[in-house]
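**Student:** My questions will all concern the structure given below.
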Amino acid sequence: MHIILFGPPGVGKGTQAENLSKEFVVPQVSTGDMLRKAIKDGSELGLKAKKYMDKGELVPDDLVLKMVQIRIQEDDCKNGFILDGFPRTIPQAEELTSIVLANNIPKFKCIEISVPDDIILERLKMRGRKDDQLNTIKKRLVVYQKQTYPVKEYYKKVKRFYKIDGNKSIEEVYNNLKEVINI
Ligand code: AP5
């Protein structure tokens with residue numbers, strides 16, 4: 001199973017990726033979690049990433065790509081993986097296509113989870129992560145529109161794009177997601 005969970009901050013990508021990962025026994029590859037771990041570990045990547053993440057901006061492509069390239073070639077990714085929060089820019093999507101072609105990885109389904117912005121704001125304010133301050137959430141939503149939204153067109157063009165309503169219970173969203181995965 002090779003899935004991209006796509007959508008703005010707070011739509012439930014991480015929640016759904018974790019559940020899918022457990023049921024289908026394929027790893028959740030969350031670039032946000034990997035970057036937060038790098039910050040916690042105090043690595044060079046973490047030090048570089050922190051200043052962007054704290055402001056709600058995207059971490060530069062070269063840093064993220066190096067990290068993802070290594071991760072998805074690890075053994076546990078052999079039977080598939082769920083990308084959560086990647087790709088987020090056109091260069092990231094293009095690089096993913098190159099990796100897919102070079103490694104005979106089956107093509108992805110890119111599934112957008114969609115939730116209105118006011119619901120997103122409520123969800124993230126309740127969660128209270130470091131980058132969940134109101135101003136930073138708003139910045140993340142603007143960054144999503146500018147830099148990540150075009151990735152949707154990229155997958156639409158190659159007919160790999162699907163969309164589900166994320167403004168439902170976690171269980172309902174999960175069941176809808178599985179319906180799309182099984183198409
Ligand atoms: P990242 O960690 O990827 O954050 P994000 O995309 O902003 O997503 P979130 O984790 O906020 O939301 P989510 O969609 O996973 O929702 P969740 O399931 O947590 O990225 C953080 C930062 O890292 C970025 O800003 C950037 O700086 C950097 N970064 C990461 N990837 C990058 C990349 N590829 N390139 C460059 N930079 C990158 O749910 C949110 C909340 O809602 C939770 O409390 C959850 O319990 C709740 N919830 C979930 N589903 C439901 C539901 N159906 N009903 C009610 N509540 C729900």
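Letters A, B, ... mark the chains of the structure tokens in the order given; residue numbers begin at 1 per chain; ligand numbers begin at 1, in order shown.
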List as a PyMOL selection string the protein and nucleic acid residues near stretch 6-20 of chain A, meaning an atom at most 8 Å away when only C-alpha atoms are counted, but skip any in the same chain fewer than 5 places from it.
**Tutor:** chain A and resi 25-26+28+30+82-86+110-115+120-121+123-124+137+140-141+144+166+170+173-174
**Student:** Would you mind exporting N, CA and C atoms of the selected residues as a tab-separated table (two decimals), in the first residue's frame?
**Tutor:**
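Okay, this is what ended up in again32.tsv:
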```
chain	number	residue	atom	x	y	z
A	25	VAL	N	-0.27	-2.67	8.59
A	25	VAL	CA	1.12	-2.99	8.94
A	25	VAL	C	2.13	-2.43	7.92
A	26	VAL	N	1.99	-1.16	7.65
A	26	VAL	CA	2.98	-0.43	6.85
A	26	VAL	C	3.31	0.84	7.63
A	28	GLN	N	3.99	4.59	8.99
A	28	GLN	CA	3.55	5.98	8.77
A	28	GLN	C	4.82	6.80	8.65
A	30	SER	N	5.84	10.30	8.66
A	30	SER	CA	5.38	11.66	8.93
A	30	SER	C	6.60	12.58	8.99
A	82	ILE	N	2.80	5.01	4.33
A	82	ILE	CA	1.79	6.07	4.28
A	82	ILE	C	2.50	7.39	4.51
A	83	LEU	N	2.51	8.23	3.51
A	83	LEU	CA	3.17	9.52	3.65
A	83	LEU	C	2.19	10.52	4.27
A	84	ASP	N	2.62	11.12	5.35
A	84	ASP	CA	1.78	12.04	6.11
A	84	ASP	C	2.54	13.37	6.21
A	85	GLY	N	2.09	14.35	5.41
A	85	GLY	CA	2.76	15.66	5.43
A	85	GLY	C	3.86	15.80	4.39
A	86	PHE	N	3.88	14.90	3.44
A	86	PHE	CA	4.85	14.92	2.33
A	86	PHE	C	4.20	14.26	1.12
A	110	CYS	N	-3.01	9.72	-3.99
A	110	CYS	CA	-2.91	10.92	-3.16
A	110	CYS	C	-4.34	11.24	-2.69
A	111	ILE	N	-4.57	11.13	-1.38
A	111	ILE	CA	-5.93	11.30	-0.86
A	111	ILE	C	-5.99	12.56	0.00
A	112	GLU	N	-6.79	13.51	-0.47
A	112	GLU	CA	-6.95	14.75	0.31
A	112	GLU	C	-8.05	14.57	1.35
A	113	ILE	N	-7.73	14.97	2.57
A	113	ILE	CA	-8.75	15.05	3.63
A	113	ILE	C	-9.12	16.53	3.73
A	114	SER	N	-10.42	16.81	3.63
A	114	SER	CA	-10.82	18.21	3.55
A	114	SER	C	-11.70	18.60	4.75
A	115	VAL	N	-11.35	19.72	5.39
A	115	VAL	CA	-12.08	20.22	6.56
A	115	VAL	C	-12.11	21.76	6.48
A	120	ILE	N	-10.63	23.55	11.60
A	120	ILE	CA	-9.19	23.31	11.78
A	120	ILE	C	-8.65	24.16	12.94
A	121	LEU	N	-9.05	25.44	12.95
A	121	LEU	CA	-8.58	26.33	14.01
A	121	LEU	C	-8.99	25.80	15.38
A	123	ARG	N	-9.72	22.67	16.23
A	123	ARG	CA	-9.00	21.42	16.54
A	123	ARG	C	-7.58	21.71	17.02
A	124	LEU	N	-6.90	22.61	16.31
A	124	LEU	CA	-5.49	22.84	16.63
A	124	LEU	C	-5.33	23.65	17.92
A	137	ILE	N	-0.82	29.06	13.43
A	137	ILE	CA	-1.77	28.22	12.67
A	137	ILE	C	-2.19	28.97	11.40
A	140	ARG	N	0.49	28.83	8.94
A	140	ARG	CA	0.58	27.49	8.31
A	140	ARG	C	-0.50	27.32	7.24
A	141	LEU	N	-1.68	27.88	7.49
A	141	LEU	CA	-2.77	27.76	6.50
A	141	LEU	C	-2.44	28.56	5.23
A	144	TYR	N	0.15	26.70	3.34
A	144	TYR	CA	-0.49	25.56	2.66
A	144	TYR	C	-1.09	26.01	1.32
A	166	GLY	N	-13.28	15.31	5.70
A	166	GLY	CA	-12.67	15.03	7.01
A	166	GLY	C	-13.46	15.60	8.16
A	170	ILE	N	-13.75	10.51	13.63
A	170	ILE	CA	-12.50	9.85	13.24
A	170	ILE	C	-12.82	8.49	12.58
A	173	VAL	N	-14.32	8.98	9.02
A	173	VAL	CA	-13.28	9.39	8.06
A	173	VAL	C	-12.43	8.17	7.71
A	174	TYR	N	-12.13	7.38	8.73
A	174	TYR	CA	-11.29	6.19	8.50
A	174	TYR	C	-11.98	5.22	7.52
```
**Student:** Pick out the residues sitting within 12 Å of A:Ile105, and hand them over as number ranges by chain; count only C-alpha atoms, and ignore anything fewer than 5 positions along from it in its own chain.
**Tutor:** A: 1-3, 72-73, 77-81, 96-100
**Student:** Store the residues of this selection in a file with N, CA and C atoms, as a short mmCIF file (atom, residue, chain, number, x, y, z; two decimals), in the first residue's frame.
**Tutor:**
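Result went into again.cif, see below:
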```cif
data_model
loop_
_atom_site.label_atom_id
_atom_site.label_comp_id
_atom_site.auth_asym_id
_atom_site.auth_seq_id
_atom_site.Cartn_x
_atom_site.Cartn_y
_atom_site.Cartn_z
N MET A 1 0.84 -1.19 0.00
CA MET A 1 0.00 0.00 0.00
C MET A 1 0.88 1.25 0.00
N HIS A 2 0.67 2.12 -0.97
CA HIS A 2 1.44 3.37 -1.05
C HIS A 2 0.46 4.54 -1.14
N ILE A 3 0.39 5.28 -0.05
CA ILE A 3 -0.63 6.32 0.07
C ILE A 3 0.01 7.64 0.48
N ILE A 72 12.45 6.22 3.22
CA ILE A 72 11.59 5.30 2.47
C ILE A 72 12.36 4.18 1.78
N GLN A 73 13.69 4.21 1.92
CA GLN A 73 14.45 3.07 1.38
C GLN A 73 14.80 2.10 2.50
N CYS A 77 9.86 -0.26 4.84
CA CYS A 77 9.04 0.42 3.83
C CYS A 77 8.87 -0.45 2.57
N LYS A 78 9.46 -1.67 2.60
CA LYS A 78 9.44 -2.51 1.39
C LYS A 78 8.04 -2.81 0.88
N ASN A 79 7.08 -3.03 1.80
CA ASN A 79 5.73 -3.39 1.37
C ASN A 79 4.77 -2.21 1.31
N GLY A 80 5.31 -1.03 1.46
CA GLY A 80 4.46 0.15 1.36
C GLY A 80 4.69 1.11 2.50
N PHE A 81 4.06 2.27 2.40
CA PHE A 81 4.15 3.28 3.45
C PHE A 81 3.08 4.33 3.24
N LEU A 96 9.67 12.78 -5.44
CA LEU A 96 9.00 11.52 -5.06
C LEU A 96 8.73 10.69 -6.32
N THR A 97 8.30 11.33 -7.38
CA THR A 97 8.07 10.60 -8.63
C THR A 97 9.37 9.94 -9.11
N SER A 98 10.49 10.65 -9.00
CA SER A 98 11.78 10.07 -9.41
C SER A 98 12.11 8.84 -8.57
N ILE A 99 11.87 8.95 -7.25
CA ILE A 99 12.18 7.81 -6.36
C ILE A 99 11.28 6.62 -6.73
N VAL A 100 10.00 6.92 -6.98
CA VAL A 100 9.03 5.87 -7.34
C VAL A 100 9.50 5.14 -8.61
#
```
**Student:** Just want the 8 Å neighbourhood of stretch 134-136 of chain A, counted on only C-alpha atoms, with same-chain residues fewer than 2 positions away dropped. Output as a list of chain:residue names.
**Tutor:**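 With the cut-off at 8 Å, the set is A:Asp54, A:Lys55, A:Gly56, A:Leu121, A:Lys125, A:Asp131, A:Asp132, A:Lys138, A:Lys139, A:Arg140.
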**Student:** Skipping near chain neighbours, those fewer than 5 positions away, what residues fall within 12 Å of A:Lys156 using only C-alpha atoms, listed as a ChimeraX atom specification?
**Tutor:** /A:108-112,149-151,161-163
**Student:** How about saving the chosen residues, C-alpha atoms kept, as a compact mmCIF listing (two decimals), in the first residue's frame?
**Tutor:**
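What landed in result.txt:
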```
# COMPACT_ATOMS: atom_id res chain seq x y z
CA PHE A 108 0.64 6.43 -5.17
CA LYS A 109 -2.89 7.35 -4.41
CA CYS A 110 -2.91 10.92 -3.16
CA ILE A 111 -5.93 11.30 -0.86
CA GLU A 112 -6.95 14.75 0.31
CA TYR A 149 -2.09 23.42 -2.73
CA PRO A 150 -0.41 23.22 -6.20
CA VAL A 151 0.68 19.66 -5.35
CA PHE A 161 -5.97 12.28 -6.80
CA TYR A 162 -8.90 11.43 -4.49
CA LYS A 163 -10.74 13.49 -1.90
```
**Student:** Quick one: pull the distance between atom 42 (O, counted along the ligand's line) of ligand 1 and atom CA of A:Asn176, Å, one decimal.
**Tutor:**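 If I compute the distance from atom 42 (O, counted along the ligand's line) of ligand 1 to atom CA of A:Asn176, I get 17.1 Å.
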**Student:** DSSP on the backbone: which residues in chain A end up as alpha helix (DSSP H)? Give the answer as number ranges by chain.
**Tutor:** A: 13-24, 31-41, 44-55, 61-71, 90-102, 117-127, 134-143, 149-157, 170-181
**Student:** Report the distance between atom CA of A:Glu95 and atom CA of A:Ala38 in Å, rounded to one decimal place.
**Tutor:**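 So the two atoms, atom CA of A:Glu95 and atom CA of A:Ala38, lie 21.9 Å apart.
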**Student:** Have a look at A:Asp117, A:Gly128, A:Tyr52, A:Ile183 and name the one nearest to A:Gly32; count only C-alpha atoms.
**Tutor:**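 When distances to A:Gly32 are compared using only C-alpha atoms, the smallest one comes from A:Tyr52.
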**Student:** Could you pull out the residues in chain A that DSSP calls strand (DSSP E or B) from the backbone, as a list in words?
**Tutor:**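 After running DSSP on the backbone, chain A has strand (DSSP E or B) at His2, Ile3, Ile4, Leu5, Phe6, Gln28, Val29, Ser30, Phe81, Ile82, Leu83, Asp84, Lys109, Cys110, Ile111, Glu112, Ile113, Ser114, Phe161, Tyr162, Lys163, Ile164 and Asp165 of chain A.
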**Student:** Measure the distance from atom 13 (P, counted along the ligand's line) of ligand 1 to atom CA of A:Arg160 in Å and round it to one decimal.
**Tutor:** 20.9 Å
**Student:** From the options A:Asn104, A:Asp75, A:Lys157, A:Leu5, which residue's atoms come nearest to A:Pro87, counting only C-alpha atoms?
**Tutor:**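 Residue with the minimum atom-to-atom distance to A:Pro87: A:Leu5.
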